[in-house]
>>> print(open('input-v8.csv').read())   # CSV, C-alpha atoms
chain,number,residue,atom,x,y,z
A,1,MET,CA,33.2,11.3,-35.0
A,2,PRO,CA,34.4,8.0,-33.7
A,3,LEU,CA,36.6,6.1,-36.1
A,4,VAL,CA,34.7,3.0,-37.3
A,5,ILE,CA,37.0,0.2,-38.3
A,6,GLN,CA,35.4,-2.4,-40.5
A,7,SER,CA,36.5,-5.9,-39.8
A,8,ALA,CA,38.1,-7.8,-42.7
A,9,PRO,CA,35.5,-9.7,-44.8
A,10,MET,CA,35.2,-13.5,-44.2
A,11,ALA,CA,36.2,-16.1,-46.8
A,12,PRO,CA,33.1,-17.2,-48.7
A,13,ALA,CA,33.0,-20.7,-47.2
A,14,LEU,CA,33.3,-19.3,-43.7
A,15,ALA,CA,30.7,-16.7,-44.4
A,16,ASN,CA,28.2,-19.4,-45.6
A,17,ARG,CA,28.8,-21.4,-42.4
A,18,TYR,CA,28.5,-18.2,-40.3
A,19,HIS,CA,25.1,-17.2,-41.9
A,20,ALA,CA,23.7,-20.8,-41.6
A,21,LEU,CA,24.7,-21.0,-38.0
A,22,LEU,CA,23.1,-17.6,-37.1
A,23,GLU,CA,19.7,-18.9,-38.5
A,24,GLU,CA,19.9,-21.7,-35.9
A,25,LEU,CA,20.3,-19.3,-33.0
A,26,ARG,CA,17.6,-17.4,-31.2
A,27,CYS,CA,18.1,-13.8,-30.0
A,28,LEU,CA,17.3,-13.6,-26.3
A,29,VAL,CA,16.1,-10.1,-26.5
A,30,CYS,CA,13.8,-10.3,-29.5
A,31,GLN,CA,12.8,-13.9,-29.0
A,32,ASN,CA,11.0,-14.4,-32.3
A,33,GLU,CA,14.1,-13.4,-34.3
A,34,SER,CA,17.2,-15.3,-35.0
A,35,LEU,CA,20.6,-13.9,-34.3
A,36,ALA,CA,20.9,-13.3,-38.0
A,37,GLU,CA,17.8,-11.0,-38.1
A,38,SER,CA,17.9,-9.2,-34.7
A,39,ASN,CA,18.9,-5.6,-34.4
A,40,ALA,CA,19.3,-5.8,-30.6
A,41,ALA,CA,22.6,-4.6,-29.3
A,42,LEU,CA,23.2,-8.0,-27.7
A,43,ALA,CA,22.7,-9.8,-31.0
A,44,THR,CA,25.3,-7.5,-32.6
A,45,ASP,CA,27.7,-8.4,-29.8
A,46,LEU,CA,27.0,-12.1,-30.1
A,47,ARG,CA,27.5,-12.0,-33.9
A,48,ALA,CA,30.8,-10.3,-33.4
A,49,GLU,CA,31.8,-12.9,-30.8
A,50,ILE,CA,30.8,-15.7,-33.2
A,51,ARG,CA,32.6,-14.2,-36.1
A,52,GLY,CA,35.8,-13.8,-34.0
A,53,MET,CA,35.5,-17.5,-32.8
A,54,MET,CA,35.1,-18.7,-36.4
A,55,LYS,CA,38.1,-16.7,-37.6
A,56,ARG,CA,40.1,-18.3,-34.8
A,57,GLY,CA,39.1,-21.7,-36.2
A,58,ALA,CA,36.3,-22.7,-33.8
A,59,SER,CA,33.9,-25.4,-35.0
A,60,ASN,CA,30.1,-25.0,-34.9
A,61,GLU,CA,30.0,-27.3,-31.9
A,62,GLN,CA,32.4,-25.2,-30.0
A,63,ILE,CA,30.5,-22.0,-30.7
A,64,ILE,CA,27.1,-23.6,-29.8
A,65,ASN,CA,28.7,-25.0,-26.6
A,66,PHE,CA,30.0,-21.5,-25.8
A,67,LEU,CA,26.5,-20.0,-26.1
A,68,VAL,CA,24.7,-22.8,-24.4
A,69,VAL,CA,27.0,-22.7,-21.3
A,70,ARG,CA,26.1,-19.0,-20.9
A,71,TYR,CA,22.5,-18.7,-22.1
A,72,GLY,CA,21.2,-22.3,-22.0
A,73,ASP,CA,19.4,-24.4,-24.6
A,74,PHE,CA,16.9,-21.5,-25.0
A,75,ILE,CA,19.4,-20.0,-27.5
A,76,LEU,CA,18.9,-23.0,-29.8
A,77,TYR,CA,15.9,-23.0,-32.2
A,78,ARG,CA,16.3,-26.8,-32.3
A,79,PRO,CA,16.4,-28.1,-28.7
A,80,PRO,CA,18.7,-31.1,-28.2
A,81,PHE,CA,17.4,-34.6,-27.6
A,82,LYS,CA,17.9,-35.2,-23.9
A,83,PRO,CA,15.8,-36.5,-20.9
A,84,ILE,CA,14.1,-33.2,-20.3
A,85,THR,CA,13.1,-32.9,-24.0
A,86,TYR,CA,12.2,-36.6,-24.6
A,87,LEU,CA,8.5,-35.8,-24.2
A,88,LEU,CA,8.8,-32.8,-26.6
A,89,TRP,CA,10.5,-34.8,-29.4
A,90,LEU,CA,8.6,-38.1,-28.9
A,91,ALA,CA,5.1,-37.0,-28.1
A,92,PRO,CA,4.0,-36.4,-31.7
A,93,PHE,CA,5.1,-39.9,-32.8
A,94,VAL,CA,3.5,-41.5,-29.7
A,95,LEU,CA,0.2,-39.6,-30.3
A,96,ALA,CA,0.2,-40.5,-34.0
A,97,ALA,CA,0.8,-44.2,-33.2
A,98,THR,CA,-1.9,-44.2,-30.6
A,99,GLY,CA,-4.4,-42.5,-33.0
A,100,LEU,CA,-3.5,-45.0,-35.7
A,101,THR,CA,-3.9,-48.0,-33.4
A,102,VAL,CA,-7.3,-46.8,-32.2
A,103,LEU,CA,-8.4,-46.1,-35.8
A,104,LEU,CA,-7.3,-49.6,-37.0
A,105,TYR,CA,-9.0,-51.2,-34.0
A,106,LYS,CA,-12.3,-49.4,-34.7
A,107,ILE,CA,-12.2,-50.3,-38.5
A,108,GLY,CA,-11.5,-53.9,-37.6
A,109,GLN,CA,-14.4,-53.9,-35.1
A,110,ARG,CA,-16.8,-52.6,-37.7
A,111,ALA,CA,-15.6,-55.0,-40.4
A,112,ARG,CA,-16.1,-58.0,-38.0
A,113,ARG,CA,-19.7,-56.7,-37.1
A,114,GLU,CA,-20.6,-56.4,-40.8
A,115,GLU,CA,-19.4,-59.9,-41.6
A,116,ARG,CA,-21.9,-61.6,-39.2
A,117,PRO,CA,-24.9,-63.1,-41.1
A,118,LEU,CA,-28.4,-62.0,-40.0
A,119,SER,CA,-30.2,-64.2,-37.6
A,120,ALA,CA,-33.6,-65.7,-38.5
A,121,GLN,CA,-35.4,-63.1,-36.4
A,122,GLU,CA,-33.5,-60.3,-38.1
A,123,GLN,CA,-34.3,-61.8,-41.5
A,124,ASN,CA,-38.0,-61.7,-40.7
A,125,GLN,CA,-37.7,-58.1,-39.4
A,126,LEU,CA,-36.0,-57.1,-42.6
A,127,ARG,CA,-38.6,-58.8,-44.8
A,128,LYS,CA,-41.4,-57.2,-42.9
A,129,LEU,CA,-39.8,-53.7,-43.3
A,130,LEU,CA,-39.2,-54.2,-47.0
A,131,CYS,CA,-42.8,-55.4,-47.6
A,132,ASP,CA,-44.2,-52.5,-45.6
A,133,GLY,CA,-42.1,-50.2,-47.8
A,134,ASN,CA,-43.7,-51.7,-50.9
A,135,LYS,CA,-47.2,-50.9,-49.8
A,136,ASP,CA,-46.7,-47.2,-49.8
B,137,MET,CA,-19.2,-44.0,-19.8
B,138,ILE,CA,-15.4,-44.3,-20.6
B,139,ARG,CA,-15.9,-43.2,-24.2
B,140,TYR,CA,-17.0,-39.8,-22.9
B,141,LEU,CA,-14.7,-39.6,-19.8
B,142,LEU,CA,-11.5,-40.5,-21.7
B,143,PRO,CA,-11.7,-37.7,-24.3
B,144,ALA,CA,-12.9,-35.3,-21.7
B,145,SER,CA,-10.0,-36.0,-19.4
B,146,VAL,CA,-7.5,-35.7,-22.3
B,147,PHE,CA,-9.1,-32.4,-23.2
B,148,MET,CA,-9.0,-31.1,-19.6
B,149,SER,CA,-5.3,-32.0,-19.2
B,150,LEU,CA,-4.5,-30.2,-22.4
B,151,VAL,CA,-6.4,-27.1,-21.0
B,152,VAL,CA,-4.4,-27.3,-17.8
B,153,PHE,CA,-1.0,-27.4,-19.6
B,154,LEU,CA,-2.0,-24.6,-21.9
B,155,ALA,CA,-3.2,-22.5,-19.0
B,156,ILE,CA,0.1,-23.0,-17.1
B,157,GLY,CA,1.9,-22.1,-20.3
B,158,LEU,CA,-0.1,-18.9,-20.8
B,159,HIS,CA,0.9,-17.7,-17.3
B,160,ARG,CA,4.6,-18.1,-17.7
B,161,ASP,CA,6.7,-15.2,-18.8
B,162,PRO,CA,8.7,-16.3,-21.9
B,163,THR,CA,11.1,-13.3,-21.5
B,164,LEU,CA,12.5,-14.9,-18.3
B,165,VAL,CA,15.1,-17.3,-19.6
B,166,PRO,CA,16.4,-19.5,-16.8
B,167,SER,CA,20.2,-19.2,-16.4
B,168,PRO,CA,22.3,-22.4,-16.8
B,169,LEU,CA,24.9,-20.8,-14.5
B,170,ILE,CA,22.9,-21.3,-11.3
B,171,GLY,CA,24.9,-23.7,-9.1
B,172,LYS,CA,28.1,-23.1,-11.1
B,173,PRO,CA,31.2,-21.1,-10.3
B,174,ALA,CA,30.8,-17.4,-11.4
B,175,PRO,CA,32.7,-16.8,-14.6
B,176,ASP,CA,36.1,-15.2,-14.2
B,177,PHE,CA,36.4,-11.6,-15.0
B,178,ARG,CA,39.0,-8.8,-14.8
B,179,LEU,CA,37.6,-5.3,-15.4
B,180,PRO,CA,38.6,-1.8,-14.5
B,181,HIS,CA,36.8,0.0,-11.7
B,182,LEU,CA,34.3,2.5,-13.0
B,183,GLN,CA,35.7,5.4,-11.0
B,184,GLU,CA,39.4,4.3,-11.2
B,185,PRO,CA,40.3,2.9,-14.6
B,186,THR,CA,43.8,1.8,-13.5
B,187,ARG,CA,42.5,-0.4,-10.7
B,188,MET,CA,41.2,-3.9,-11.6
B,189,LEU,CA,38.2,-5.7,-10.1
B,190,THR,CA,38.3,-9.5,-10.4
B,191,LYS,CA,36.4,-12.4,-9.2
B,192,SER,CA,38.7,-12.9,-6.2
B,193,ASP,CA,37.3,-9.6,-4.8
B,194,LEU,CA,34.0,-11.5,-4.3
B,195,LYS,CA,35.5,-14.4,-2.4
B,196,GLY,CA,34.8,-15.0,1.3
B,197,LYS,CA,31.4,-13.3,1.5
B,198,VAL,CA,27.9,-13.5,0.0
B,199,SER,CA,27.4,-10.7,-2.5
B,200,LEU,CA,25.0,-9.4,-5.1
B,201,ILE,CA,26.1,-8.6,-8.6
B,202,ASN,CA,23.8,-6.0,-10.1
B,203,VAL,CA,24.0,-5.5,-13.9
B,204,TRP,CA,23.0,-1.9,-14.8
B,205,ALA,CA,23.5,0.9,-17.3
B,206,THR,CA,22.5,4.5,-17.7
B,207,TRP,CA,20.5,3.7,-20.8
B,208,CYS,CA,18.4,1.3,-18.9
B,209,GLY,CA,15.1,2.8,-17.7
B,210,ALA,CA,14.3,-0.1,-15.4
B,211,CYS,CA,17.6,0.4,-13.6
B,212,TYR,CA,16.5,3.9,-12.7
B,213,GLN,CA,13.3,2.4,-11.3
B,214,GLU,CA,15.2,-0.2,-9.1
B,215,HIS,CA,17.9,2.3,-7.9
B,216,PRO,CA,16.1,3.4,-4.7
B,217,VAL,CA,15.7,-0.3,-3.8
B,218,LEU,CA,19.4,-0.9,-4.1
B,219,LEU,CA,20.1,2.3,-2.1
B,220,ALA,CA,17.9,1.1,0.7
B,221,LEU,CA,19.5,-2.4,0.7
B,222,ALA,CA,23.0,-0.8,0.8
B,223,ARG,CA,21.9,1.3,3.8
B,224,SER,CA,20.7,-1.7,5.6
B,225,ARG,CA,24.2,-3.2,5.3
B,226,GLN,CA,22.8,-6.8,5.0
B,227,VAL,CA,24.9,-7.7,1.9
B,228,SER,CA,27.5,-6.1,-0.3
B,229,ILE,CA,26.4,-5.1,-3.7
B,230,TYR,CA,28.8,-5.1,-6.6
B,231,GLY,CA,27.8,-3.3,-9.8
B,232,LEU,CA,28.5,-4.4,-13.4
B,233,ASN,CA,28.1,-1.3,-15.5
B,234,TRP,CA,27.3,-3.0,-18.8
B,235,LYS,CA,27.8,-1.6,-22.3
B,236,ASP,CA,27.7,1.9,-21.0
B,237,GLN,CA,29.9,5.0,-21.0
B,238,ARG,CA,32.1,6.0,-18.1
B,239,VAL,CA,31.3,9.6,-17.6
B,240,PRO,CA,27.5,9.4,-17.6
B,241,ALA,CA,27.7,6.3,-15.4
B,242,MET,CA,29.8,8.1,-12.8
B,243,LYS,CA,27.5,11.1,-13.0
B,244,TRP,CA,24.5,8.8,-12.4
B,245,LEU,CA,26.1,7.5,-9.2
B,246,GLU,CA,26.9,11.1,-8.0
B,247,ASP,CA,23.4,12.3,-8.8
B,248,TYR,CA,21.3,9.4,-7.5
B,249,GLY,CA,23.6,7.9,-4.9
B,250,ASN,CA,26.0,4.9,-5.0
B,251,PRO,CA,24.8,1.7,-3.5
B,252,TYR,CA,27.8,-0.3,-4.7
B,253,THR,CA,30.8,-1.6,-2.8
B,254,ALA,CA,32.6,-1.4,-6.2
B,255,VAL,CA,31.5,-1.1,-9.8
B,256,ALA,CA,33.2,-3.0,-12.7
B,257,PHE,CA,33.2,-1.2,-16.0
B,258,ASP,CA,32.3,-3.6,-18.9
B,259,LYS,CA,32.3,-1.3,-21.9
B,260,SER,CA,32.4,-4.0,-24.5
B,261,GLY,CA,29.8,-6.2,-22.8
B,262,LYS,CA,32.0,-9.3,-23.0
B,263,VAL,CA,31.9,-10.1,-19.3
B,264,GLY,CA,28.1,-9.6,-19.5
B,265,ILE,CA,28.1,-12.3,-22.2
B,266,ASP,CA,30.2,-14.6,-20.0
B,267,TRP,CA,27.6,-14.2,-17.3
B,268,GLY,CA,24.7,-14.9,-19.6
B,269,VAL,CA,23.4,-11.3,-19.3
B,270,TYR,CA,20.8,-10.5,-22.0
B,271,GLY,CA,19.2,-7.3,-20.5
B,272,ALA,CA,19.6,-4.9,-17.7
B,273,PRO,CA,18.9,-4.9,-14.9
B,274,GLU,CA,19.8,-8.4,-13.8
B,275,THR,CA,21.0,-9.4,-10.3
B,276,PHE,CA,23.0,-12.4,-9.3
B,277,VAL,CA,23.5,-13.8,-5.8
B,278,VAL,CA,27.0,-15.3,-5.4
B,279,ASP,CA,28.0,-17.3,-2.3
B,280,ARG,CA,31.3,-17.0,-0.4
B,281,TYR,CA,32.8,-19.8,-2.5
B,282,GLY,CA,32.1,-17.8,-5.7
B,283,ILE,CA,29.2,-20.0,-6.8
B,284,ILE,CA,26.2,-18.3,-8.5
B,285,ARG,CA,23.1,-19.3,-6.4
B,286,TYR,CA,20.3,-17.2,-7.9
B,287,LYS,CA,19.6,-14.8,-10.7
B,288,TYR,CA,16.8,-12.2,-10.8
B,289,ILE,CA,15.9,-10.7,-14.1
B,290,GLY,CA,14.3,-7.3,-14.1
B,291,PRO,CA,14.2,-4.5,-11.6
B,292,LEU,CA,14.5,-5.5,-8.0
B,293,THR,CA,11.6,-4.7,-5.7
B,294,VAL,CA,11.3,-4.6,-1.9
B,295,ASP,CA,9.1,-7.7,-2.1
B,296,ILE,CA,11.6,-9.7,-4.1
B,297,LEU,CA,14.3,-8.8,-1.6
B,298,LYS,CA,12.2,-9.6,1.5
B,299,GLN,CA,10.7,-12.8,0.1
B,300,THR,CA,13.5,-14.4,-1.9
B,301,ILE,CA,16.9,-12.7,-1.9
B,302,LEU,CA,17.5,-11.7,1.7
B,303,PRO,CA,16.4,-15.1,3.1
B,304,LEU,CA,18.7,-16.8,0.6
B,305,VAL,CA,21.6,-14.5,1.6
B,306,ASP,CA,21.0,-15.4,5.3
B,307,ARG,CA,21.0,-19.1,4.5
B,308,LEU,CA,24.2,-18.8,2.4
B,309,ARG,CA,25.9,-16.9,5.2
B,310,ASP,CA,25.0,-19.4,7.8
B,311,GLY,CA,25.5,-22.5,5.6
>>> encode(input="input-v8.csv", output="structure tokens")
Amino acid sequence: MPLVIQSAPMAPALANRYHALLEELRCLVCQNESLAESNAALATDLRAEIRGMMKRGASNEQIINFLVVRYGDFILYRPPFKPITYLLWLAPFVLAATGLTVLLYKIGQRARREERPLSAQEQNQLRKLLCDGNKD
Amino acid sequence: MIRYLLPASVFMSLVVFLAIGLHRDPTLVPSPLIGKPAPDFRLPHLQEPTRMLTKSDLKGKVSLINVWATWCGACYQEHPVLLALARSRQVSIYGLNWKDQRVPAMKWLEDYGNPYTAVAFDKSGKVGIDWGVYGAPETFVVDRYGIIRYKYIGPLTVDILKQTILPLVDRLRDG
């Protein structure tokens, strides 16, 4: 039987920070699981690494940087805002603004059309239609 | 006319983007280490625990770093390809035995043949983490200045060697 040495528990504040950070990080093996959830061996190793860094006093930024240097932005569930992700972050707002502009323009167009008074010819046409309707 | 063409073209471009997305393999995560110096390491040789293998052993020549383990089924599948490559003497292959056990790993090389110039024994997997390894097998191409030029994820095939890796090795050797 190998001797299993449990590492000392973390202080509560540190443990909270640790669990919050793990939820932000994607496991590269089971890609739909966070590092908090994954049972992959690599996730276990990365959790141990993160715990060690935190106990040595590393900030969240330092830990995230450590991981991104090795595994890339893919490990982050929230991709950073930088030139390659401008489209990703901004497209929803651009599309919503475009849609709203088109909608307002169309509503305005319709309102303008409805405000125009009927021409004499159209008045005649209308009267004829209404009279025809009465005969039935 | 435009009121039909515009929505149709928007729809078609969406279809094109989604079709491209569907044909990409999400398990292949691009490495941020390409073009960067290979991470330093200092690990015992698999067969000689007292001798150390370090990054300086890679300097001065183009080499492949192959990440493998005895628990990895795909490594078994790629092994004959590595043996053939080693026999052709076109490039030296270094092994990174990752999160494995020494005795079974040595037995594997005795049973199936040893294509490696040297094998580093990374029991804890820490060097693997430094190299951004997330599964075995993975293969890195490192140039003679110690820069990582390419990474292949998954078992090597003869096609991959012929079409991508060996042409790259030739270019790096000449360049």
>>> atom_distance(input="input-v8.csv", atom1="CA of Asp236 in chain B", atom2="CA of Thr163 in chain B")
22.5 Å
>>> residues_near_point(input="input-v8.csv", point="(20.2, -14.5, 3.3)", cutoff="12 Å", atoms="all atoms listed in the file", output="list of chain:residue names")
B:Lys197, B:Val198, B:Ser199, B:Leu200, B:Gln226, B:Val227, B:Ser228, B:Val277, B:Val278, B:Asp279, B:Arg280, B:Arg285, B:Tyr286, B:Leu297, B:Lys298, B:Gln299, B:Thr300, B:Ile301, B:Leu302, B:Pro303, B:Leu304, B:Val305, B:Asp306, B:Arg307, B:Leu308, B:Arg309, B:Asp310, B:Gly311
>>> closest_atom_pairs(input="input-v8.csv", of="chain B", to="chain A", cutoff="9 Å", atoms="only C-alpha atoms", output="JSON lines")
{"residue": "B:Pro162", "atom": "CA", "partner": "A:Gln31", "partner_atom": "CA", "distance": 8.5}
{"residue": "B:Thr163", "atom": "CA", "partner": "A:Gln31", "partner_atom": "CA", "distance": 7.7}
{"residue": "B:Val165", "atom": "CA", "partner": "A:Phe74", "partner_atom": "CA", "distance": 7.1}
{"residue": "B:Pro166", "atom": "CA", "partner": "A:Gly72", "partner_atom": "CA", "distance": 7.6}
{"residue": "B:Ser167", "atom": "CA", "partner": "A:Tyr71", "partner_atom": "CA", "distance": 6.2}
{"residue": "B:Pro168", "atom": "CA", "partner": "A:Gly72", "partner_atom": "CA", "distance": 5.3}
{"residue": "B:Leu169", "atom": "CA", "partner": "A:Arg70", "partner_atom": "CA", "distance": 6.8}
{"residue": "B:Ser260", "atom": "CA", "partner": "A:Asp45", "partner_atom": "CA", "distance": 8.3}
{"residue": "B:Gly261", "atom": "CA", "partner": "A:Asp45", "partner_atom": "CA", "distance": 7.6}
{"residue": "B:Lys262", "atom": "CA", "partner": "A:Asp45", "partner_atom": "CA", "distance": 8.1}
{"residue": "B:Ile265", "atom": "CA", "partner": "A:Arg70", "partner_atom": "CA", "distance": 7.1}
{"residue": "B:Asp266", "atom": "CA", "partner": "A:Arg70", "partner_atom": "CA", "distance": 6.1}
{"residue": "B:Trp267", "atom": "CA", "partner": "A:Arg70", "partner_atom": "CA", "distance": 6.2}
{"residue": "B:Gly268", "atom": "CA", "partner": "A:Arg70", "partner_atom": "CA", "distance": 4.5}
{"residue": "B:Val269", "atom": "CA", "partner": "A:Tyr71", "partner_atom": "CA", "distance": 8.0}
{"residue": "B:Tyr270", "atom": "CA", "partner": "A:Leu28", "partner_atom": "CA", "distance": 6.4}
{"residue": "B:Gly271", "atom": "CA", "partner": "A:Val29", "partner_atom": "CA", "distance": 7.3}
>>> residues_around(input="input-v8.csv", residues="Asn60 in chain A", least_positions_apart="6", cutoff="10 Å", atoms="all atoms listed in the file", output="list in words")
Arg17, Tyr18, Leu21, Ile50, Met53, Met54 and Phe66 of chain A
>>> atom_distance(input="input-v8.csv", atom1="CA of Pro175 in chain B", atom2="CA of Cys211 in chain B")
22.9 Å
>>> atom_distance(input="input-v8.csv", atom1="CA of Lys259 in chain B", atom2="CA of Leu179 in chain B")
9.3 Å
>>> residues_around(input="input-v8.csv", residues="Pro273 in chain B", least_positions_apart="3", cutoff="10 Å", atoms="all atoms listed in the file", output="PDB file with C-alpha atoms, in the frame of the given file")
ATOM      1  CA  ASN B 202      23.800  -6.000 -10.100  1.00  0.00           C
ATOM      2  CA  VAL B 203      24.000  -5.500 -13.900  1.00  0.00           C
ATOM      3  CA  TRP B 204      23.000  -1.900 -14.800  1.00  0.00           C
ATOM      4  CA  ALA B 205      23.500   0.900 -17.300  1.00  0.00           C
ATOM      5  CA  CYS B 208      18.400   1.300 -18.900  1.00  0.00           C
ATOM      6  CA  GLY B 209      15.100   2.800 -17.700  1.00  0.00           C
ATOM      7  CA  ALA B 210      14.300  -0.100 -15.400  1.00  0.00           C
ATOM      8  CA  CYS B 211      17.600   0.400 -13.600  1.00  0.00           C
ATOM      9  CA  TYR B 212      16.500   3.900 -12.700  1.00  0.00           C
ATOM     10  CA  GLN B 213      13.300   2.400 -11.300  1.00  0.00           C
ATOM     11  CA  GLU B 214      15.200  -0.200  -9.100  1.00  0.00           C
ATOM     12  CA  LEU B 232      28.500  -4.400 -13.400  1.00  0.00           C
ATOM     13  CA  ASN B 233      28.100  -1.300 -15.500  1.00  0.00           C
ATOM     14  CA  TRP B 234      27.300  -3.000 -18.800  1.00  0.00           C
ATOM     15  CA  VAL B 269      23.400 -11.300 -19.300  1.00  0.00           C
ATOM     16  CA  TYR B 270      20.800 -10.500 -22.000  1.00  0.00           C
ATOM     17  CA  TYR B 288      16.800 -12.200 -10.800  1.00  0.00           C
ATOM     18  CA  ILE B 289      15.900 -10.700 -14.100  1.00  0.00           C
ATOM     19  CA  GLY B 290      14.300  -7.300 -14.100  1.00  0.00           C
ATOM     20  CA  PRO B 291      14.200  -4.500 -11.600  1.00  0.00           C
ATOM     21  CA  LEU B 292      14.500  -5.500  -8.000  1.00  0.00           C
TER      22      LEU B 292
END
>>> closest_residue(input="input-v8.csv", among="B:Ile156, B:Ala174, B:Leu142, B:Leu150", to="Val263 in chain B", atoms="all atoms listed in the file")
B:Ala174
>>> residues_near_point(input="input-v8.csv", point="(15.4, -0.6, -2.7)", cutoff="10 Å", atoms="all atoms listed in the file", output="list in words")
Gln213, Glu214, His215, Pro216, Val217, Leu218, Leu219, Ala220, Leu221, Ala222, Arg223, Ser224, Pro251, Pro291, Leu292, Thr293, Val294, Asp295, Ile296 and Leu297 of chain B
